[in-house]
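Asker: Following this line is structure.csv, made up of CSV, N, CA and C atoms:
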chain,number,residue,atom,x,y,z
Z,1,ILE,N,-63.8,9.6,32.4
Z,1,ILE,CA,-62.6,9.0,31.8
Z,1,ILE,C,-62.9,7.5,31.6
Z,2,LYS,N,-62.7,7.1,30.4
Z,2,LYS,CA,-62.9,5.7,30.1
Z,2,LYS,C,-61.6,4.9,30.3
Z,3,TYR,N,-61.6,3.9,31.1
Z,3,TYR,CA,-60.5,3.1,31.5
Z,3,TYR,C,-59.7,2.7,30.2
Z,4,GLU,N,-60.4,2.2,29.2
Z,4,GLU,CA,-59.8,1.7,28.0
Z,4,GLU,C,-59.0,2.8,27.3
Z,5,ASN,N,-59.5,4.1,27.4
Z,5,ASN,CA,-58.8,5.2,26.8
Z,5,ASN,C,-57.6,5.6,27.7
Z,6,LEU,N,-57.7,5.4,29.0
Z,6,LEU,CA,-56.6,5.8,29.9
Z,6,LEU,C,-55.4,4.9,29.7
Z,7,ILE,N,-55.6,3.6,29.4
Z,7,ILE,CA,-54.4,2.7,29.2
Z,7,ILE,C,-54.0,2.6,27.8
Z,8,ASP,N,-54.7,3.3,26.9
Z,8,ASP,CA,-54.4,3.3,25.5
Z,8,ASP,C,-53.2,4.1,25.2
Z,9,ASP,N,-52.3,3.6,24.3
Z,9,ASP,CA,-51.0,4.3,24.0
Z,9,ASP,C,-51.3,5.7,23.4
Z,10,GLU,N,-52.3,5.8,22.6
Z,10,GLU,CA,-52.5,7.1,21.9
Z,10,GLU,C,-53.4,8.1,22.8
Z,11,ASN,N,-54.4,7.5,23.4
Z,11,ASN,CA,-55.3,8.4,24.2
Z,11,ASN,C,-54.9,8.6,25.6
Z,12,GLY,N,-54.1,7.7,26.2
Z,12,GLY,CA,-53.8,7.7,27.6
Z,12,GLY,C,-53.2,9.0,28.1
Z,13,PRO,N,-52.2,9.6,27.5
Z,13,PRO,CA,-51.6,10.8,28.0
Z,13,PRO,C,-52.6,12.0,28.0
Z,14,SER,N,-53.5,12.1,27.0
Z,14,SER,CA,-54.5,13.2,27.0
Z,14,SER,C,-55.6,12.9,28.1
Z,15,GLU,N,-55.9,11.6,28.3
Z,15,GLU,CA,-56.9,11.3,29.4
Z,15,GLU,C,-56.2,11.7,30.8
Z,16,ALA,N,-55.0,11.4,30.9
Z,16,ALA,CA,-54.3,11.7,32.2
Z,16,ALA,C,-54.2,13.2,32.3
Z,17,ALA,N,-54.0,14.0,31.2
Z,17,ALA,CA,-54.0,15.4,31.3
Z,17,ALA,C,-55.3,15.9,31.8
Z,18,LYS,N,-56.4,15.3,31.4
Z,18,LYS,CA,-57.8,15.7,31.9
Z,18,LYS,C,-57.9,15.5,33.4
Z,19,ILE,N,-57.4,14.4,33.9
Z,19,ILE,CA,-57.4,14.1,35.3
Z,19,ILE,C,-56.6,15.2,36.0
Z,20,ALA,N,-55.4,15.5,35.5
Z,20,ALA,CA,-54.5,16.5,36.2
Z,20,ALA,C,-55.2,17.8,36.2
Z,21,GLU,N,-55.8,18.2,35.1
Z,21,GLU,CA,-56.5,19.5,35.0
Z,21,GLU,C,-57.6,19.6,36.0
Z,22,PHE,N,-58.4,18.5,36.1
Z,22,PHE,CA,-59.5,18.4,37.1
Z,22,PHE,C,-59.0,18.6,38.5
Z,23,LEU,N,-57.9,17.8,38.8
Z,23,LEU,CA,-57.4,17.8,40.2
Z,23,LEU,C,-56.8,19.2,40.5
Z,24,ASN,N,-56.2,19.8,39.5
Z,24,ASN,CA,-55.6,21.1,39.7
Z,24,ASN,C,-56.6,22.2,40.1
Z,25,ARG,N,-57.8,22.0,39.9
Z,25,ARG,CA,-58.9,23.0,40.2
Z,25,ARG,C,-59.2,22.9,41.7
Z,26,SER,N,-58.8,21.9,42.4
Z,26,SER,CA,-59.1,21.8,43.8
Z,26,SER,C,-58.1,22.5,44.7
Z,27,ASP,N,-58.7,23.1,45.7
Z,27,ASP,CA,-57.8,23.9,46.7
Z,27,ASP,C,-56.8,22.9,47.3
Z,28,GLY,N,-55.6,23.3,47.4
Z,28,GLY,CA,-54.6,22.5,48.1
Z,28,GLY,C,-54.0,21.4,47.3
Z,29,VAL,N,-54.4,21.3,46.0
Z,29,VAL,CA,-53.9,20.2,45.2
Z,29,VAL,C,-53.2,20.9,44.0
Z,30,SER,N,-51.9,20.5,43.9
Z,30,SER,CA,-51.2,21.0,42.7
Z,30,SER,C,-50.6,19.8,42.0
Z,31,THR,N,-50.7,19.8,40.7
Z,31,THR,CA,-50.2,18.7,39.9
Z,31,THR,C,-49.0,19.1,39.1
Z,32,ILE,N,-48.5,18.2,38.4
Z,32,ILE,CA,-47.3,18.4,37.5
Z,32,ILE,C,-47.7,19.3,36.3
Z,33,THR,N,-46.7,19.8,35.6
Z,33,THR,CA,-47.0,20.6,34.5
Z,33,THR,C,-47.6,19.8,33.4
Z,34,PRO,N,-48.4,20.4,32.5
Z,34,PRO,CA,-49.0,19.6,31.4
Z,34,PRO,C,-47.9,18.9,30.5
Z,35,GLN,N,-46.8,19.5,30.4
Z,35,GLN,CA,-45.7,18.9,29.6
Z,35,GLN,C,-45.2,17.6,30.2
Z,36,GLU,N,-45.3,17.5,31.5
Z,36,GLU,CA,-44.7,16.3,32.2
Z,36,GLU,C,-45.7,15.2,32.3
Z,37,VAL,N,-47.0,15.4,32.0
Z,37,VAL,CA,-48.0,14.4,32.1
Z,37,VAL,C,-47.7,13.2,31.3
Z,38,PRO,N,-47.4,13.3,30.0
Z,38,PRO,CA,-47.1,12.0,29.2
Z,38,PRO,C,-46.0,11.2,29.8
Z,39,CYS,N,-45.0,11.8,30.3
Z,39,CYS,CA,-43.9,11.0,30.9
Z,39,CYS,C,-44.4,10.3,32.2
Z,40,VAL,N,-45.1,11.0,33.1
Z,40,VAL,CA,-45.6,10.4,34.3
Z,40,VAL,C,-46.6,9.3,34.0
Z,41,TRP,N,-47.5,9.6,33.0
Z,41,TRP,CA,-48.5,8.6,32.6
Z,41,TRP,C,-47.8,7.3,32.2
Z,42,HIS,N,-46.8,7.4,31.3
Z,42,HIS,CA,-46.0,6.2,30.9
Z,42,HIS,C,-45.4,5.5,32.1
Z,43,GLY,N,-44.9,6.2,33.0
Z,43,GLY,CA,-44.2,5.6,34.2
Z,43,GLY,C,-45.2,4.9,35.1
Z,44,VAL,N,-46.4,5.5,35.2
Z,44,VAL,CA,-47.4,4.9,36.1
Z,44,VAL,C,-48.3,3.8,35.4
Z,45,ILE,N,-48.7,4.1,34.2
Z,45,ILE,CA,-49.7,3.2,33.6
Z,45,ILE,C,-48.9,2.0,32.9
Z,46,LYS,N,-47.9,2.3,32.2
Z,46,LYS,CA,-47.2,1.3,31.4
Z,46,LYS,C,-46.1,0.5,32.0
Z,47,TYR,N,-45.6,1.0,33.1
Z,47,TYR,CA,-44.5,0.3,33.8
Z,47,TYR,C,-44.7,0.2,35.3
Z,48,LYS,N,-44.1,-0.8,35.8
Z,48,LYS,CA,-44.0,-0.9,37.3
Z,48,LYS,C,-42.5,-1.2,37.6
Z,49,LYS,N,-42.1,-0.8,38.8
Z,49,LYS,CA,-40.8,-1.1,39.2
Z,49,LYS,C,-40.8,-2.3,40.1
Z,50,ARG,N,-39.8,-3.1,39.9
Z,50,ARG,CA,-39.7,-4.3,40.7
Z,50,ARG,C,-38.4,-4.3,41.4
Z,51,ARG,N,-38.4,-4.5,42.7
Z,51,ARG,CA,-37.2,-4.5,43.4
Z,51,ARG,C,-36.6,-5.9,43.4
Z,52,ARG,N,-35.3,-6.0,43.2
Z,52,ARG,CA,-34.6,-7.3,43.2
Z,52,ARG,C,-33.4,-7.2,44.1
Z,53,LEU,N,-33.2,-8.2,44.9
Z,53,LEU,CA,-32.0,-8.2,45.7
Z,53,LEU,C,-30.8,-8.9,44.9
Z,54,GLU,N,-29.7,-8.2,44.9
Z,54,GLU,CA,-28.5,-8.8,44.3
Z,54,GLU,C,-27.5,-9.0,45.4
Z,55,GLU,N,-27.0,-10.1,45.5
Z,55,GLU,CA,-25.9,-10.4,46.5
Z,55,GLU,C,-24.6,-10.1,45.9
Z,56,VAL,N,-23.8,-9.4,46.6
Z,56,VAL,CA,-22.4,-9.1,46.2
Z,56,VAL,C,-21.5,-9.5,47.3
Z,57,ALA,N,-20.6,-10.4,47.0
Z,57,ALA,CA,-19.6,-10.9,48.0
Z,57,ALA,C,-18.3,-10.1,47.8
Z,58,THR,N,-17.9,-9.5,48.9
Z,58,THR,CA,-16.6,-8.9,49.0
Z,58,THR,C,-16.0,-9.2,50.3
Z,59,ASN,N,-14.8,-9.7,50.2
Z,59,ASN,CA,-14.0,-10.1,51.4
Z,59,ASN,C,-14.8,-11.0,52.4
Z,60,SER,N,-15.4,-12.0,51.8
Z,60,SER,CA,-16.2,-12.9,52.6
Z,60,SER,C,-17.5,-12.3,53.3
Z,61,THR,N,-17.8,-11.1,52.9
Z,61,THR,CA,-19.0,-10.4,53.5
Z,61,THR,C,-20.0,-10.3,52.4
Z,62,GLU,N,-21.2,-10.8,52.5
Z,62,GLU,CA,-22.2,-10.6,51.5
Z,62,GLU,C,-23.0,-9.4,51.8
Z,63,VAL,N,-23.1,-8.6,50.8
Z,63,VAL,CA,-23.9,-7.4,50.9
Z,63,VAL,C,-25.1,-7.4,49.9
Z,64,ALA,N,-26.3,-7.1,50.4
Z,64,ALA,CA,-27.4,-7.1,49.6
Z,64,ALA,C,-27.7,-5.7,49.1
Z,65,THR,N,-27.9,-5.5,47.8
Z,65,THR,CA,-28.2,-4.2,47.3
Z,65,THR,C,-29.5,-4.4,46.5
Z,66,LYS,N,-30.3,-3.3,46.4
Z,66,LYS,CA,-31.5,-3.3,45.7
Z,66,LYS,C,-31.3,-2.5,44.4
Z,67,SER,N,-31.8,-3.1,43.3
Z,67,SER,CA,-31.8,-2.4,42.0
Z,67,SER,C,-33.2,-2.4,41.4
Z,68,ASP,N,-33.5,-1.4,40.7
Z,68,ASP,CA,-34.8,-1.3,40.0
Z,68,ASP,C,-34.7,-1.9,38.6
Z,69,GLU,N,-35.7,-2.8,38.3
Z,69,GLU,CA,-35.8,-3.3,37.0
Z,69,GLU,C,-37.2,-3.0,36.5
Z,70,ILE,N,-37.2,-2.3,35.3
Z,70,ILE,CA,-38.5,-2.0,34.8
Z,70,ILE,C,-39.1,-3.1,34.0
Z,71,GLN,N,-40.4,-3.4,34.3
Z,71,GLN,CA,-41.0,-4.5,33.6
Z,71,GLN,C,-42.4,-4.0,33.2
Z,72,SER,N,-42.9,-4.4,32.1
Z,72,SER,CA,-44.2,-4.0,31.6
Z,72,SER,C,-45.3,-4.5,32.5
Z,73,LYS,N,-46.3,-3.6,32.8
Z,73,LYS,CA,-47.4,-4.0,33.7
Z,73,LYS,C,-48.5,-4.6,32.9
Z,74,ARG,N,-48.5,-4.4,31.6
Z,74,ARG,CA,-49.7,-4.8,30.7
Z,74,ARG,C,-49.5,-6.1,30.0
Z,75,GLY,N,-48.7,-7.0,30.6
Z,75,GLY,CA,-48.5,-8.3,29.9
Z,75,GLY,C,-49.4,-9.3,30.6
Z,76,GLY,N,-49.4,-10.5,30.1
Z,76,GLY,CA,-50.1,-11.6,30.7
Z,76,GLY,C,-51.4,-11.9,29.9
Z,77,PRO,N,-52.0,-13.0,30.3
Z,77,PRO,CA,-53.3,-13.3,29.6
Z,77,PRO,C,-54.4,-12.4,30.0
Z,78,LYS,N,-55.4,-12.3,29.1
Z,78,LYS,CA,-56.6,-11.5,29.4
Z,78,LYS,C,-57.5,-12.3,30.2
Z,79,TYR,N,-58.2,-11.7,31.1
Z,79,TYR,CA,-59.2,-12.3,31.9
Z,79,TYR,C,-60.6,-11.7,31.7
Z,80,THR,N,-61.5,-12.5,31.3
Z,80,THR,CA,-62.9,-12.0,31.1
Z,80,THR,C,-63.7,-12.4,32.3
Z,81,ALA,N,-64.2,-11.4,33.0
Z,81,ALA,CA,-65.0,-11.6,34.2
Z,81,ALA,C,-66.2,-12.4,33.8
Z,82,PRO,N,-66.5,-13.5,34.6
Z,82,PRO,CA,-67.6,-14.4,34.3
Z,82,PRO,C,-68.9,-13.9,34.9
Z,83,TYR,N,-69.5,-12.9,34.3
Z,83,TYR,CA,-70.8,-12.4,34.7
Z,83,TYR,C,-71.9,-13.3,34.4
Z,84,ASN,N,-72.8,-13.6,35.3
Z,84,ASN,CA,-73.9,-14.4,34.9
Z,84,ASN,C,-75.0,-13.6,34.3
Z,85,PRO,N,-76.1,-14.2,33.7
Z,85,PRO,CA,-77.1,-13.4,33.0
Z,85,PRO,C,-77.8,-12.3,33.9
Z,86,THR,N,-78.0,-12.7,35.2
Z,86,THR,CA,-78.7,-11.7,36.1
Z,86,THR,C,-77.8,-10.5,36.3
Z,87,GLN,N,-76.5,-10.8,36.5
Z,87,GLN,CA,-75.5,-9.7,36.7
Z,87,GLN,C,-75.5,-8.8,35.5
Z,88,LEU,N,-75.4,-9.4,34.3
Z,88,LEU,CA,-75.4,-8.6,33.1
Z,88,LEU,C,-76.7,-7.7,32.9
Z,89,LYS,N,-77.8,-8.3,33.2
Z,89,LYS,CA,-79.1,-7.6,33.1
Z,89,LYS,C,-79.1,-6.4,34.1
Z,90,ASP,N,-78.6,-6.6,35.3
Z,90,ASP,CA,-78.5,-5.6,36.3
Z,90,ASP,C,-77.5,-4.5,35.9
Z,91,LEU,N,-76.4,-4.9,35.3
Z,91,LEU,CA,-75.4,-4.0,34.8
Z,91,LEU,C,-76.0,-3.1,33.7
Z,92,ILE,N,-76.7,-3.7,32.8
Z,92,ILE,CA,-77.3,-3.0,31.7
Z,92,ILE,C,-78.3,-2.0,32.2
Z,93,GLN,N,-79.1,-2.4,33.2
Z,93,GLN,CA,-80.1,-1.5,33.8
Z,93,GLN,C,-79.5,-0.3,34.5
Z,94,VAL,N,-78.4,-0.5,35.3
Z,94,VAL,CA,-77.8,0.6,36.0
Z,94,VAL,C,-77.1,1.5,35.0
Z,95,LEU,N,-76.4,1.0,34.0
Z,95,LEU,CA,-75.8,1.8,33.0
Z,95,LEU,C,-76.8,2.6,32.2
Z,96,THR,N,-77.9,2.0,31.9
Z,96,THR,CA,-79.0,2.7,31.1
Z,96,THR,C,-79.5,3.9,32.0
Z,97,GLN,N,-79.7,3.6,33.3
Z,97,GLN,CA,-80.2,4.7,34.1
Z,97,GLN,C,-79.2,5.9,34.2
Z,98,LEU,N,-77.9,5.5,34.2
Z,98,LEU,CA,-76.9,6.6,34.2
Z,98,LEU,C,-76.9,7.3,32.8
Z,99,LEU,N,-77.1,6.6,31.8
Z,99,LEU,CA,-77.1,7.2,30.4
Z,99,LEU,C,-78.3,8.2,30.4
Z,100,GLU,N,-79.5,7.8,30.9
Z,100,GLU,CA,-80.6,8.7,30.9
Z,100,GLU,C,-80.3,9.9,31.7
Z,101,ARG,N,-79.6,9.8,32.8
Z,101,ARG,CA,-79.3,11.0,33.6
Z,101,ARG,C,-78.2,11.9,33.0
Z,102,TYR,N,-77.3,11.3,32.3
Z,102,TYR,CA,-76.1,12.0,31.7
Z,102,TYR,C,-76.1,12.0,30.2
Z,103,ARG,N,-77.2,11.9,29.6
Z,103,ARG,CA,-77.3,11.7,28.1
Z,103,ARG,C,-76.7,13.0,27.4
Z,104,ASP,N,-76.7,14.1,28.0
Z,104,ASP,CA,-76.1,15.3,27.4
Z,104,ASP,C,-74.7,15.5,27.6
Z,105,ASP,N,-74.1,14.7,28.4
Z,105,ASP,CA,-72.6,14.7,28.7
Z,105,ASP,C,-71.9,14.1,27.5
Z,106,LYS,N,-71.2,15.0,26.7
Z,106,LYS,CA,-70.6,14.5,25.5
Z,106,LYS,C,-69.4,13.5,25.7
Z,107,ASP,N,-68.8,13.5,26.9
Z,107,ASP,CA,-67.7,12.6,27.2
Z,107,ASP,C,-68.2,11.3,27.8
Z,108,LEU,N,-69.2,11.4,28.7
Z,108,LEU,CA,-69.6,10.2,29.5
Z,108,LEU,C,-70.6,9.4,28.7
Z,109,ALA,N,-71.5,10.0,27.9
Z,109,ALA,CA,-72.6,9.3,27.2
Z,109,ALA,C,-72.0,8.2,26.3
Z,110,PRO,N,-71.0,8.5,25.4
Z,110,PRO,CA,-70.5,7.5,24.6
Z,110,PRO,C,-69.8,6.3,25.3
Z,111,ILE,N,-69.2,6.6,26.4
Z,111,ILE,CA,-68.6,5.6,27.3
Z,111,ILE,C,-69.7,4.6,27.8
Z,112,LEU,N,-70.8,5.2,28.3
Z,112,LEU,CA,-71.9,4.4,28.8
Z,112,LEU,C,-72.5,3.6,27.7
Z,113,VAL,N,-72.7,4.2,26.5
Z,113,VAL,CA,-73.2,3.4,25.4
Z,113,VAL,C,-72.4,2.2,25.1
Z,114,SER,N,-71.0,2.4,25.0
Z,114,SER,CA,-70.1,1.3,24.7
Z,114,SER,C,-70.2,0.2,25.7
Z,115,TYR,N,-70.3,0.6,27.0
Z,115,TYR,CA,-70.4,-0.5,28.0
Z,115,TYR,C,-71.8,-1.2,28.0
Z,116,ILE,N,-72.8,-0.4,27.7
Z,116,ILE,CA,-74.2,-1.1,27.5
Z,116,ILE,C,-74.1,-2.0,26.3
Z,117,ASP,N,-73.6,-1.6,25.2
Z,117,ASP,CA,-73.5,-2.5,24.0
Z,117,ASP,C,-72.7,-3.7,24.3
Z,118,GLU,N,-71.6,-3.6,25.0
Z,118,GLU,CA,-70.8,-4.7,25.3
Z,118,GLU,C,-71.5,-5.7,26.3
Z,119,ALA,N,-72.1,-5.2,27.3
Z,119,ALA,CA,-72.9,-6.0,28.2
Z,119,ALA,C,-74.0,-6.7,27.5
Z,120,ALA,N,-74.7,-6.0,26.6
Z,120,ALA,CA,-75.7,-6.7,25.8
Z,120,ALA,C,-75.2,-7.8,24.9
Z,121,ARG,N,-74.0,-7.6,24.3
Z,121,ARG,CA,-73.4,-8.6,23.5
Z,121,ARG,C,-73.1,-9.8,24.4
Z,122,ARG,N,-72.5,-9.6,25.5
Z,122,ARG,CA,-72.2,-10.7,26.5
Z,122,ARG,C,-73.4,-11.4,26.9
Z,123,SER,N,-74.5,-10.6,27.2
Z,123,SER,CA,-75.8,-11.2,27.6
Z,123,SER,C,-76.4,-12.1,26.6
Z,124,ASN,N,-76.2,-11.8,25.3
Z,124,ASN,CA,-76.7,-12.6,24.2
Z,124,ASN,C,-75.7,-13.7,23.8
Z,125,GLY,N,-74.6,-13.8,24.5
Z,125,GLY,CA,-73.7,-14.9,24.2
Z,125,GLY,C,-72.8,-14.6,23.1
Z,126,GLU,N,-72.7,-13.4,22.6
Z,126,GLU,CA,-71.8,-13.1,21.5
Z,126,GLU,C,-70.4,-12.9,22.1
Z,127,ASN,N,-69.4,-12.9,21.2
Z,127,ASN,CA,-68.0,-12.7,21.6
Z,127,ASN,C,-67.9,-11.3,22.1
Z,128,GLU,N,-67.0,-11.2,23.1
Z,128,GLU,CA,-66.7,-9.9,23.7
Z,128,GLU,C,-65.9,-9.0,22.8
Z,129,ASP,N,-66.2,-7.7,23.0
Z,129,ASP,CA,-65.3,-6.7,22.3
Z,129,ASP,C,-64.0,-6.8,23.0
Z,130,GLU,N,-62.9,-6.7,22.2
Z,130,GLU,CA,-61.6,-6.8,22.9
Z,130,GLU,C,-61.2,-5.7,23.8
Z,131,ASN,N,-61.9,-4.6,23.7
Z,131,ASN,CA,-61.5,-3.4,24.5
Z,131,ASN,C,-62.4,-3.2,25.8
Z,132,THR,N,-63.4,-3.9,26.0
Z,132,THR,CA,-64.2,-3.7,27.1
Z,132,THR,C,-64.6,-4.9,28.0
Z,133,LEU,N,-64.9,-4.7,29.2
Z,133,LEU,CA,-65.2,-5.7,30.2
Z,133,LEU,C,-64.2,-6.8,30.2
Z,134,VAL,N,-63.0,-6.5,29.8
Z,134,VAL,CA,-61.9,-7.5,29.9
Z,134,VAL,C,-60.9,-6.9,30.9
Z,135,ILE,N,-60.4,-7.7,31.8
Z,135,ILE,CA,-59.4,-7.2,32.8
Z,135,ILE,C,-58.1,-7.9,32.5
Z,136,GLU,N,-57.1,-7.1,32.3
Z,136,GLU,CA,-55.8,-7.7,32.0
Z,136,GLU,C,-55.1,-8.0,33.4
Z,137,SER,N,-54.6,-9.2,33.5
Z,137,SER,CA,-53.9,-9.5,34.7
Z,137,SER,C,-52.4,-9.4,34.6
Once more with this new file: its structure as structure tokens, please.

Answerer:
Amino acid sequence: IKYENLIDDENGPSEAAKIAEFLNRSDGVSTITPQEVPCVWHGVIKYKKRRRLEEVATNSTEVATKSDEIQSKRGGPKYTAPYNPTQLKDLIQVLTQLLERYRDDKDLAPILVSYIDEAARRSNGENEDENTLVIES
């Protein structure tokens, strides 16, 4: 599962369905129905709940109550990890070894290739691809 696909609006629910299907194969693990996956995906990946205390004064007695306010989890500035040239070289080497091992895996191989390409671009000082090696804060 590629992280970028998991958080993507179009691909995310189907990637989450793959995870649910995989987990459902394990003894003692049961997941939600396939029809519920998109809803749960949206609730987990795209939103977080924030608790807020609201003070309510009644008859000189203040009562604190909690209410849920939904707030997007994917906002804020993008953070590009500051890998040094040695780290990028090591990353490319490890990813290449994984690609050699799993080159016949139709799902994993393209993900590894995209990460290798992005690390190579970063290593050469080129601009980052907007979808990889960038962590949203």

Asker: Between Z:Ser114, Z:Thr80, Z:Thr96, Z:Thr33, which is the closest to Z:Glu21 once you count only C-alpha atoms?

Answerer: Z:Thr33

Asker: Between atom CA of Z:Ile92 and atom CA of Z:Lys2, what is the distance, to one decimal in Å?

Answerer: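 Spanning atom CA of Z:Ile92 to atom CA of Z:Lys2 is a straight-line distance of 16.9 Å.
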
Asker: Could you tell me how far atom N of Z:Ala109 lies from atom C of Z:Ala81, in Å and to one decimal?

Answerer: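 Spanning atom N of Z:Ala109 to atom C of Z:Ala81 is a straight-line distance of 23.8 Å.
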
Asker: Find the distance between atom CA of Z:Tyr102 and atom N of Z:Pro34 and write it in Å to one decimal.

Answerer: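 Separation between atom CA of Z:Tyr102 and atom N of Z:Pro34: 29.0 Å.
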
Asker: Counting only N, CA and C atoms, write as a PyMOL selection string all protein and nucleic acid residues lying at most 7 Å from (-61.4, 10.3, 34.3) in the file's frame.

Answerer: chain Z and resi 1-2+15+18-19
